[in-house]
file model.cif (mmCIF, C-alpha atoms)
data_work
#
loop_
_atom_site.label_atom_id
_atom_site.label_comp_id
_atom_site.auth_asym_id
_atom_site.auth_seq_id
_atom_site.Cartn_x
_atom_site.Cartn_y
_atom_site.Cartn_z
CA MET A 1 94.00 62.69 107.95
CA ILE A 2 95.70 63.47 104.64
CA LYS A 3 99.06 61.77 104.03
CA THR A 4 101.44 63.44 101.66
CA ASP A 5 105.15 63.69 100.82
CA VAL A 6 105.32 67.43 101.38
CA LEU A 7 103.01 69.99 102.93
CA VAL A 8 103.53 73.42 101.40
CA ILE A 9 102.46 76.43 103.46
CA GLY A 10 101.66 79.37 101.21
CA ALA A 11 100.17 79.46 97.71
CA GLY A 12 102.18 82.39 96.39
CA PRO A 13 104.38 82.09 93.28
CA VAL A 14 107.14 80.28 95.17
CA GLY A 15 104.72 77.86 96.85
CA ILE A 16 103.17 77.03 93.48
CA PHE A 17 106.46 76.54 91.67
CA VAL A 18 107.88 74.23 94.32
CA VAL A 19 104.92 71.92 93.63
CA GLN A 20 106.24 71.60 90.08
CA GLN A 21 109.75 70.85 91.28
CA LEU A 22 108.42 68.26 93.71
CA GLY A 23 106.14 66.74 91.09
CA LEU A 24 108.99 66.28 88.65
CA ILE A 25 110.95 64.20 91.13
CA GLY A 26 107.86 62.17 91.94
CA LEU A 27 106.78 63.76 95.21
CA LYS A 28 103.19 64.61 96.02
CA ALA A 29 102.39 67.95 97.66
CA GLU A 30 99.38 69.50 99.36
CA VAL A 31 99.19 73.29 99.64
CA VAL A 32 97.58 75.28 102.46
CA ASP A 33 96.88 79.02 102.34
CA ASN A 34 95.03 81.39 104.63
CA LEU A 35 93.68 83.50 101.76
CA ASP A 36 90.55 82.51 99.85
CA LYS A 37 92.46 82.49 96.57
CA ILE A 38 95.72 81.26 95.08
CA GLY A 39 98.55 83.72 94.39
CA GLY A 40 99.67 85.17 97.73
CA GLN A 41 101.00 88.74 97.69
CA CYS A 42 100.88 88.73 93.87
CA ILE A 43 97.11 88.45 93.98
CA GLU A 44 96.35 90.23 97.23
CA LEU A 45 98.73 93.19 97.04
CA TYR A 46 99.41 93.82 93.36
CA PRO A 47 97.29 91.76 90.93
CA ASP A 48 97.48 94.49 88.25
CA LYS A 49 100.95 95.87 88.86
CA PRO A 50 103.41 94.90 86.15
CA ILE A 51 106.42 92.77 87.11
CA TYR A 52 109.50 92.98 84.87
CA ASP A 53 112.03 90.64 86.43
CA ILE A 54 110.70 87.14 85.95
CA PRO A 55 113.07 85.23 83.65
CA ALA A 56 111.68 84.84 80.11
CA LEU A 57 108.61 86.96 80.92
CA PRO A 58 109.56 90.52 79.91
CA GLU A 59 106.36 91.78 81.50
CA CYS A 60 103.61 90.12 83.49
CA THR A 61 101.23 91.01 86.31
CA GLY A 62 100.75 89.34 89.68
CA GLU A 63 97.64 87.74 88.30
CA SER A 64 99.05 86.55 84.97
CA LEU A 65 102.15 85.15 86.70
CA THR A 66 99.95 83.19 89.08
CA ASN A 67 97.88 81.82 86.20
CA LYS A 68 100.95 80.77 84.24
CA LEU A 69 102.42 79.01 87.27
CA LEU A 70 99.14 77.19 87.85
CA GLU A 71 99.20 76.04 84.24
CA GLN A 72 102.70 74.71 84.79
CA ILE A 73 101.66 72.51 87.74
CA LYS A 74 98.50 71.20 86.08
CA PRO A 75 99.96 67.71 85.42
CA PHE A 76 100.40 67.19 89.16
CA LYS A 77 96.72 67.69 90.08
CA THR A 78 97.53 69.41 93.35
CA ASN A 79 95.03 70.05 96.15
CA PHE A 80 94.91 73.60 97.44
CA HIS A 81 93.40 74.00 100.91
CA LEU A 82 92.35 77.65 100.94
CA ASN A 83 90.96 79.68 103.85
CA GLU A 84 93.04 77.45 106.11
CA ARG A 85 95.86 78.62 108.31
CA VAL A 86 98.34 76.07 109.63
CA GLN A 87 97.89 76.26 113.37
CA GLU A 88 99.92 73.54 115.06
CA ILE A 89 102.63 71.12 114.12
CA SER A 90 104.00 68.22 116.13
CA LYS A 91 106.45 65.40 115.47
CA GLU A 92 105.05 61.86 115.12
CA GLN A 93 107.89 59.39 114.57
CA ASN A 94 109.29 60.26 111.14
CA ASN A 95 106.45 62.54 110.21
CA TRP A 96 105.13 65.96 111.05
CA LYS A 97 101.50 66.15 112.04
CA ILE A 98 99.97 69.40 110.87
CA ILE A 99 96.63 70.83 112.02
CA THR A 100 94.94 73.78 110.32
CA SER A 101 92.52 76.42 111.62
CA GLY A 102 89.69 74.46 109.95
CA LYS A 103 90.83 71.28 111.78
CA LYS A 104 92.22 69.57 108.69
CA THR A 105 95.03 67.19 109.63
CA PHE A 106 98.01 66.27 107.49
CA LEU A 107 100.80 63.75 108.02
CA SER A 108 103.98 64.47 106.10
CA PRO A 109 107.72 63.92 106.50
CA ASN A 110 108.35 67.37 105.02
CA ILE A 111 106.96 70.87 105.48
CA ILE A 112 107.99 73.65 103.11
CA ILE A 113 107.18 77.11 104.46
CA ALA A 114 106.69 79.49 101.54
CA ALA A 115 104.65 81.94 103.52
CA GLY A 116 106.06 85.31 102.41
CA VAL A 117 105.69 87.68 105.33
CA GLY A 118 103.10 85.47 107.03
CA SER A 119 99.37 85.08 106.66
CA PHE A 120 97.04 87.84 105.59
CA GLU A 121 94.68 89.07 108.27
CA PRO A 122 92.28 92.02 108.41
CA ARG A 123 93.71 95.29 109.69
CA LYS A 124 91.88 96.24 112.83
CA PHE A 125 90.61 99.42 114.46
CA SER A 126 93.31 101.19 116.44
CA VAL A 127 91.09 102.15 119.40
CA LYS A 128 91.48 99.87 122.41
CA GLU A 129 87.74 99.20 122.90
CA ALA A 130 87.60 97.53 119.45
CA GLU A 131 89.14 94.31 120.76
CA LYS A 132 86.58 93.99 123.55
CA PHE A 133 83.69 94.24 121.08
CA GLU A 134 85.23 92.12 118.31
CA ASN A 135 82.55 89.82 116.87
CA ASN A 136 80.10 91.48 119.26
CA GLY A 137 79.45 94.63 117.26
CA VAL A 138 82.88 95.09 115.71
CA PHE A 139 83.43 93.20 112.45
CA TYR A 140 86.03 93.09 109.69
CA SER A 141 84.09 90.97 107.20
CA ILE A 142 80.48 90.05 106.52
CA LYS A 143 79.37 86.45 106.46
CA ASP A 144 75.62 87.04 106.65
CA LYS A 145 74.37 90.50 105.79
CA ASN A 146 71.00 89.81 107.40
CA VAL A 147 72.42 90.26 110.88
CA PHE A 148 72.60 94.00 110.09
CA LYS A 149 68.91 94.28 109.20
CA ASN A 150 67.33 97.41 110.75
CA LYS A 151 70.51 98.11 112.72
CA LYS A 152 72.55 101.28 112.94
CA VAL A 153 75.77 100.40 111.15
CA SER A 154 78.92 102.53 110.86
CA ILE A 155 81.25 101.47 108.07
CA PHE A 156 84.90 102.62 107.98
CA GLY A 157 87.16 102.65 104.93
CA GLY A 158 87.53 104.13 101.46
CA GLY A 159 88.03 101.13 99.20
CA ASP A 160 85.65 98.88 97.32
CA SER A 161 84.64 96.75 100.31
CA ALA A 162 83.60 99.80 102.34
CA LEU A 163 81.71 101.39 99.43
CA ASP A 164 80.01 98.21 98.22
CA TRP A 165 78.85 97.19 101.67
CA ALA A 166 77.70 100.71 102.53
CA ILE A 167 75.54 100.73 99.39
CA GLU A 168 74.26 97.19 99.94
CA LEU A 169 73.47 97.50 103.66
CA SER A 170 71.82 100.91 103.20
CA LYS A 171 68.90 99.07 101.61
CA PHE A 172 67.84 97.66 104.98
CA ALA A 173 70.00 99.30 107.64
CA GLU A 174 70.80 102.80 108.84
CA VAL A 175 74.30 103.22 107.43
CA THR A 176 76.98 105.83 108.11
CA LEU A 177 80.09 105.61 105.96
CA VAL A 178 83.17 107.14 107.60
CA HIS A 179 86.44 107.78 105.78
CA ARG A 180 89.66 109.63 106.62
CA ARG A 181 89.60 111.86 103.52
CA GLU A 182 87.14 113.22 100.96
CA GLU A 183 88.29 110.94 98.14
CA PHE A 184 87.40 107.27 97.96
CA ARG A 185 89.92 104.97 96.35
CA GLY A 186 87.29 102.39 95.42
CA ALA A 187 85.67 102.22 91.98
CA GLU A 188 84.52 105.66 90.81
CA HIS A 189 81.15 104.21 89.90
CA SER A 190 80.58 102.97 93.47
CA ALA A 191 81.69 106.29 94.95
CA THR A 192 79.17 108.08 92.69
CA ILE A 193 76.35 105.80 93.82
CA ALA A 194 77.30 106.34 97.46
CA ARG A 195 77.26 110.14 97.00
CA GLN A 196 73.91 109.86 95.18
CA PHE A 197 72.47 107.77 98.04
CA GLU A 198 73.76 110.41 100.45
CA LYS A 199 71.84 113.12 98.57
CA GLU A 200 68.71 110.99 98.61
CA GLY A 201 69.07 110.50 102.35
CA LYS A 202 69.57 106.73 102.11
CA LEU A 203 73.07 106.87 103.52
CA LYS A 204 75.19 109.22 105.64
CA ILE A 205 78.78 109.95 104.69
CA LYS A 206 81.24 111.44 107.18
CA THR A 207 84.57 112.66 105.78
CA PRO A 208 87.32 113.38 106.71
CA TYR A 209 86.79 111.55 109.96
CA GLN A 210 88.47 108.68 111.80
CA ILE A 211 87.38 106.67 114.80
CA ALA A 212 88.25 108.15 118.22
CA SER A 213 86.44 105.81 120.63
CA ILE A 214 83.70 103.23 121.04
CA GLU A 215 81.21 103.58 123.89
CA GLY A 216 79.11 100.88 125.52
CA ASP A 217 79.13 98.29 128.29
CA ASP A 218 78.09 94.84 127.12
CA LYS A 219 77.26 96.09 123.65
CA ILE A 220 78.11 99.11 121.51
CA LYS A 221 75.94 102.18 122.14
CA SER A 222 77.79 104.83 120.18
CA ILE A 223 81.06 105.77 118.59
CA THR A 224 82.97 109.05 118.56
CA ILE A 225 84.66 110.13 115.37
CA LYS A 226 87.21 112.93 114.99
CA LYS A 227 88.67 115.19 112.34
CA ASP A 228 92.39 115.99 112.03
CA ASP A 229 91.77 119.38 113.69
CA GLY A 230 90.29 117.69 116.77
CA ILE A 231 86.58 118.29 116.11
CA THR A 232 84.61 115.28 117.32
CA GLU A 233 81.14 113.94 116.71
CA LYS A 234 79.18 111.19 118.48
CA ILE A 235 77.14 108.73 116.42
CA SER A 236 74.62 106.35 117.90
CA THR A 237 75.45 102.93 116.45
CA ASP A 238 74.87 99.19 117.00
CA CYS A 239 77.73 97.78 114.98
CA ILE A 240 80.85 98.99 113.25
CA LEU A 241 82.59 97.47 110.26
CA GLY A 242 86.24 98.15 109.43
CA PHE A 243 87.54 97.66 105.89
CA PHE A 244 91.19 98.67 106.01
CA GLY A 245 92.57 95.88 103.83
CA LEU A 246 94.81 93.09 104.98
CA ILE A 247 98.08 92.98 106.84
CA MET A 248 100.59 90.15 107.02
CA LYS A 249 101.27 88.49 110.38
CA LEU A 250 103.74 85.72 111.02
CA GLY A 251 101.12 84.07 113.22
CA PRO A 252 101.55 80.54 114.62
CA ILE A 253 104.80 79.92 112.67
CA ALA A 254 106.51 81.91 115.44
CA ASP A 255 105.54 79.20 117.98
CA TRP A 256 107.03 76.15 116.26
CA GLY A 257 110.48 76.37 117.78
CA LEU A 258 112.08 77.60 114.57
CA ASN A 259 115.02 79.98 114.77
CA LEU A 260 113.81 83.43 113.76
CA ASP A 261 115.59 86.56 112.61
CA LYS A 262 112.98 89.30 113.00
CA LYS A 263 110.16 88.04 110.79
CA THR A 264 112.29 85.67 108.72
CA ILE A 265 113.57 82.10 109.16
CA PRO A 266 117.30 81.39 108.78
CA VAL A 267 118.08 78.42 106.51
CA ASN A 268 121.16 76.71 105.14
CA THR A 269 121.61 77.34 101.44
CA GLU A 270 122.26 73.74 100.44
CA SER A 271 118.82 72.43 101.29
CA PHE A 272 116.88 75.42 102.65
CA GLN A 273 116.24 73.41 105.78
CA THR A 274 115.55 75.34 108.97
CA ASN A 275 116.87 74.32 112.39
CA LYS A 276 114.25 71.51 112.42
CA GLU A 277 114.72 68.41 110.31
CA GLY A 278 112.08 68.16 107.61
CA ILE A 279 111.03 71.80 107.84
CA PHE A 280 112.22 74.00 105.00
CA ALA A 281 111.70 77.69 104.28
CA ILE A 282 111.82 79.29 100.84
CA GLY A 283 110.87 82.62 99.26
CA ASP A 284 110.56 85.91 101.13
CA ILE A 285 110.23 84.20 104.52
CA CYS A 286 113.69 82.62 104.50
CA THR A 287 116.95 84.42 105.15
CA TYR A 288 120.64 83.64 104.58
CA PRO A 289 123.72 85.70 103.72
CA GLY A 290 123.03 87.47 100.45
CA LYS A 291 119.29 86.76 100.41
CA LEU A 292 117.36 88.71 97.78
CA LYS A 293 113.61 89.05 98.18
CA LEU A 294 112.88 88.35 94.54
CA ILE A 295 110.40 85.86 93.14
CA LEU A 296 113.15 84.36 90.98
CA SER A 297 115.28 83.63 94.06
CA GLY A 298 112.32 81.78 95.54
CA PHE A 299 112.16 79.52 92.48
CA HIS A 300 115.80 78.50 92.93
CA GLU A 301 115.31 77.96 96.66
CA GLY A 302 112.32 75.71 95.94
CA ALA A 303 114.27 73.59 93.46
CA LEU A 304 116.88 72.81 96.10
CA ALA A 305 114.40 72.30 98.94
CA ALA A 306 112.45 69.84 96.79
CA ARG A 307 115.54 67.62 96.34
CA ALA A 308 116.16 67.72 100.08
CA CYS A 309 112.55 66.62 100.71
CA PHE A 310 113.17 63.55 98.55
CA LYS A 311 115.59 62.10 101.11
CA LEU A 312 112.99 62.16 103.88
CA ALA A 313 110.03 61.15 101.72
CA ARG A 314 111.86 58.25 100.00
CA PRO A 315 114.53 57.18 102.50
CA ASN A 316 115.17 53.90 100.67
CA GLU A 317 115.50 55.34 97.18
CA LYS A 318 118.37 57.18 95.62
CA TYR A 319 117.62 60.54 94.04
CA ARG A 320 118.86 60.82 90.47
CA PHE A 321 119.29 64.18 88.78
CA GLU A 322 117.58 64.33 85.38
CA PHE A 323 116.66 66.91 82.75
CA THR A 324 113.11 67.43 81.44
CA THR A 325 114.54 67.65 77.91
CA THR A 326 115.76 64.05 77.90
CA SER A 327 114.26 62.07 80.77
CA LYS A 328 111.36 59.80 79.84
CA THR A 329 110.48 59.51 83.54
CA LEU A 330 110.12 63.26 83.97
CA GLN A 331 108.23 63.59 80.70
CA GLY A 332 105.90 60.85 81.89
CA ARG A 333 105.22 62.78 85.11
CA LEU A 334 104.47 65.84 83.01
CA GLY A 335 101.86 63.79 81.16
CA LEU A 336 103.64 64.04 77.81
CA LYS A 337 103.18 61.35 75.20
CA LYS A 338 106.25 59.22 74.68
CA SER A 339 107.99 60.21 71.45
CA ASP A 340 109.75 57.62 69.40
CA MET B 1 125.61 112.20 103.80
CA PRO B 2 122.23 113.62 104.87
CA LYS B 3 121.30 112.95 108.49
CA ILE B 4 117.81 111.65 109.20
CA THR B 5 116.38 111.47 112.71
CA TYR B 6 113.97 108.64 113.44
CA ILE B 7 111.99 108.94 116.69
CA GLU B 8 110.41 105.78 118.03
CA HIS B 9 106.92 105.98 119.52
CA ASN B 10 108.43 105.74 123.01
CA GLY B 11 110.51 108.85 122.28
CA LYS B 12 113.86 107.14 121.67
CA SER B 13 115.67 109.06 118.97
CA HIS B 14 118.13 107.76 116.35
CA GLU B 15 120.16 110.11 114.17
CA ILE B 16 121.43 108.18 111.15
CA GLU B 17 123.40 109.10 108.07
CA VAL B 18 121.51 107.83 105.04
CA ALA B 19 123.04 107.81 101.58
CA ASN B 20 121.43 109.86 98.84
CA GLY B 21 119.13 107.77 96.68
CA LEU B 22 118.02 105.41 99.44
CA THR B 23 114.50 105.83 100.78
CA VAL B 24 113.78 106.94 104.34
CA MET B 25 112.38 103.42 104.87
CA GLU B 26 115.61 101.76 103.68
CA GLY B 27 117.63 104.02 105.97
CA ALA B 28 115.67 102.67 108.94
CA VAL B 29 115.62 99.02 107.91
CA GLN B 30 119.32 98.87 107.02
CA ASN B 31 120.20 100.37 110.40
CA ASN B 32 117.85 98.09 112.38
CA ILE B 33 115.73 100.95 113.68
CA PRO B 34 112.60 99.49 115.26
CA GLY B 35 109.14 100.73 114.30
CA ILE B 36 109.24 100.44 110.51
CA ASP B 37 108.21 97.02 109.19
CA ALA B 38 108.12 97.54 105.39
CA ASP B 39 106.49 94.16 104.79
CA CYS B 40 106.18 94.61 101.02
CA GLY B 41 109.80 95.69 100.66
CA GLY B 42 109.14 99.19 99.40
CA SER B 43 106.60 98.78 96.59
CA CYS B 44 103.96 101.03 98.16
CA ALA B 45 101.70 98.06 98.74
CA CYS B 46 101.41 97.49 102.49
CA ALA B 47 101.44 100.72 104.56
CA THR B 48 103.75 99.26 107.22
CA CYS B 49 106.51 101.88 106.83
CA HIS B 50 104.18 104.64 107.98
CA VAL B 51 105.79 107.69 109.65
CA TYR B 52 104.72 111.12 110.82
CA ILE B 53 106.78 113.93 109.34
CA LYS B 54 107.76 116.74 111.70
CA ASP B 55 105.58 119.74 110.81
CA GLU B 56 108.22 122.07 109.39
CA TRP B 57 109.46 119.32 107.06
CA PHE B 58 106.16 118.22 105.60
CA ASP B 59 106.04 120.82 102.82
CA LYS B 60 109.73 120.51 102.03
CA ILE B 61 109.60 116.90 100.88
CA PRO B 62 108.19 115.92 97.47
CA LYS B 63 104.38 115.61 97.55
CA LYS B 64 102.76 112.20 97.78
CA GLU B 65 101.27 110.58 94.72
CA SER B 66 97.78 109.14 94.72
CA ALA B 67 99.00 105.53 95.19
CA GLU B 68 100.60 106.56 98.46
CA GLU B 69 97.50 108.43 99.61
CA ASP B 70 95.43 105.33 98.80
CA MET B 71 97.76 103.12 100.83
CA LEU B 72 97.67 105.55 103.76
CA ASP B 73 93.95 104.74 104.10
CA MET B 74 95.12 101.40 105.47
CA ALA B 75 97.86 102.70 107.75
CA PHE B 76 97.54 102.46 111.52
CA GLU B 77 96.33 105.81 112.90
CA PRO B 78 97.11 108.02 109.91
CA GLU B 79 97.27 111.77 110.53
CA LYS B 80 97.75 114.94 108.54
CA MET B 81 101.53 114.59 108.60
CA SER B 82 101.50 110.91 107.65
CA ARG B 83 103.72 109.58 104.88
CA LEU B 84 104.96 106.20 103.75
CA SER B 85 108.71 106.27 104.26
CA CYS B 86 109.35 104.00 101.26
CA GLN B 87 108.12 106.80 99.01
CA ILE B 88 110.54 109.45 100.27
CA THR B 89 113.94 109.39 98.59
CA VAL B 90 116.80 110.85 100.55
CA SER B 91 118.71 113.77 99.03
CA ASP B 92 120.89 116.61 100.35
CA SER B 93 117.82 118.80 100.69
CA LEU B 94 116.44 116.36 103.29
CA ASP B 95 119.47 116.74 105.57
CA GLY B 96 118.06 117.11 109.09
CA LEU B 97 114.68 115.48 108.35
CA VAL B 98 112.85 114.25 111.46
CA VAL B 99 110.27 111.45 111.27
CA LYS B 100 108.27 109.89 114.07
CA MET B 101 107.02 106.33 114.12
CA PRO B 102 103.43 105.37 115.04
CA SER B 103 102.75 103.16 118.07
CA LYS B 104 102.64 100.20 115.70
CA GLN B 105 102.39 99.44 112.02
CA GLY B 106 99.14 97.46 112.16
#

call {"tool": "encode", "arguments": {"input": "model.cif", "output": "structure tokens"}}
result
Amino acid sequence: MIKTDVLVIGAGPVGIFVVQQLGLIGLKAEVVDNLDKIGGQCIELYPDKPIYDIPALPECTGESLTNKLLEQIKPFKTNFHLNERVQEISKEQNNWKIITSGKKTFLSPNIIIAAGVGSFEPRKFSVKEAEKFENNGVFYSIKDKNVFKNKKVSIFGGGDSALDWAIELSKFAEVTLVHRREEFRGAEHSATIARQFEKEGKLKIKTPYQIASIEGDDKIKSITIKKDDGITEKISTDCILGFFGLIMKLGPIADWGLNLDKKTIPVNTESFQTNKEGIFAIGDICTYPGKLKLILSGFHEGALAARACFKLARPNEKYRFEFTTTSKTLQGRLGLKKSD
Amino acid sequence: MPKITYIEHNGKSHEIEVANGLTVMEGAVQNNIPGIDADCGGSCACATCHVYIKDEWFDKIPKKESAEEDMLDMAFEPEKMSRLSCQITVSDSLDGLVVKMPSKQG
């Protein structure tokens, strides 16, 4: 059980910056994120795309913004719990008890939800049989490549994951790579290798095809793929792998009794508290009249939510507003040497 | 204002006036038309504003750029007439456009 002043859900730019705001006022935060890396949408959706509307940064990328924010929270030595999705929350006296998918437990008077549009999960096959065979022949990631040894494997997708795994698994499995168009969007180099392997007979490539159905009773026997014009083809296969990127799902947050407006959480704009005491929402996931889904709005929302957390984390202390330019206390928390 | 018709997967049709300069996605979201999620807010980064363009319109709207084609790889059940509605800007020449929504966005 980890005790903390604030549990932050989501390690995107807003989730990182609120750690700084909390740290300055002396509150300790722990951050949980379902992705395997820090940065949220900035890292997962657009690491290389330039961003032009962060104050004082005329141009940055999702990745450079994340790195700069991490540098800014360095003094607070924050724990990031990655690959963990917050699953359940329950009230225990004055605290919230939080349990993650990996069974980590936290006890905290405050939860700040900075979860964007929800947690990232793999996009799945559209055919209905895919659900039945999930983890029993249908996979969306590879934990141990050896399970595919000497198997017939059909890989779907046109990005780097699909290409890299098709090339890798073709060394010891019978691989068919299926993609909806002729062009692959993954690295040109990988696409060239895949085409070379195809010529050498090490790998089959089927384009432009998409999945039409999966056949089998207790395990997969074959799949049928189809072209846009309706032409189909049956492929004998043991397992299929889908690499269609990630999609954002609100997930368990929807079950916590919070008021919801479509996929967003209404908050009051004084404290960014939701309808539950001690649960706040900031960044893209919160909504209020005039809400703008900009990173800079999320920073402001975090600053206010942090002050509201102080009341619940330090009920017997009075919060005092101070500036980093003049306050020795704040400068001390930032690890700066006292100037004379 | 140009009129755009959005047809939900269940067949329910919505004819909406959308101002020039907005995207087809924004027209749907601002009018609470179900079936278009637009998780990323219109930056061509999520493929959850996927629509099927009615055949006769497909060649009349500006062609897709490669970033959109790349994103369509991730869309739910993409077809020949698939587009991302955040990449189609409404103008007078699109008056009467008909788009259909997929059964879901992912």

call {"tool": "resolve_selection", "arguments": {"input": "model.cif", "expression": "the PyMOL selection byres ((chain A) within 9 of (chain B))", "output": "VMD selection string"}}
result
chain A and resid 41 45 to 46 117 123 to 126 157 to 159 179 to 181 184 to 185 210 228 243 to 248 293

call {"tool": "resolve_selection", "arguments": {"input": "model.cif", "expression": "the PyMOL selection byres ((chain B and resi 9-19) around 9)", "output": "number ranges by chain"}}
result
B: 1-8, 20-24, 26-28, 31, 33, 35, 90-91, 95-96, 98, 100-104

call {"tool": "resolve_selection", "arguments": {"input": "model.cif", "expression": "the PyMOL selection byres ((chain B and resi 58) around 10)", "output": "JSON, numbers by chain"}}
result
{"B": [52, 53, 54, 55, 56, 57, 59, 60, 61, 62, 63, 80, 81, 82, 83, 97, 98, 99]}

call {"tool": "closest_residue", "arguments": {"input": "model.cif", "among": "A:Gly257, A:Pro109, A:Pro47, A:Gly242", "to": "A:Val153", "atoms": "only C-alpha atoms"}}
result
A:Gly242

call {"tool": "residues_around", "arguments": {"input": "model.cif", "residues": "A:Val19", "least_positions_apart": "5", "cutoff": "12 Å", "atoms": "all atoms listed in the file", "output": "PyMOL selection string"}}
result
chain A and resi 5-14+24-32+69-80+112+114+299+302-303+305-307+309

call {"tool": "atom_distance", "arguments": {"input": "model.cif", "atom1": "atom CA of A:Phe106", "atom2": "atom CA of A:Ser297"}}
result
27.9 Å

call {"tool": "residues_around", "arguments": {"input": "model.cif", "residues": "A:Thr232", "least_positions_apart": "2", "cutoff": "12 Å", "atoms": "all atoms listed in the file", "output": "count of residues only"}}
result
18

call {"tool": "atom_distance", "arguments": {"input": "model.cif", "atom1": "atom CA of A:Pro252", "atom2": "atom CA of A:Pro315"}}
result
29.3 Å

call {"tool": "closest_residue", "arguments": {"input": "model.cif", "among": "A:Leu35, A:Ala194, A:Ala313, A:Leu57", "to": "A:Arg85", "atoms": "only C-alpha atoms"}}
result
A:Leu35

call {"tool": "atom_distance", "arguments": {"input": "model.cif", "atom1": "atom CA of A:Thr287", "atom2": "atom CA of A:Ile253"}}
result
15.0 Å

call {"tool": "closest_residue", "arguments": {"input": "model.cif", "among": "A:Thr192, A:Ser101, A:Asn67, A:Ser90", "to": "A:Asp255", "atoms": "all atoms listed in the file"}}
result
A:Ser90

call {"tool": "residues_around", "arguments": {"input": "model.cif", "residues": "A:Leu250", "least_positions_apart": "6", "cutoff": "10 Å", "atoms": "only C-alpha atoms", "output": "VMD selection string"}}
result
chain A and resid 115 to 120 263 to 264 285
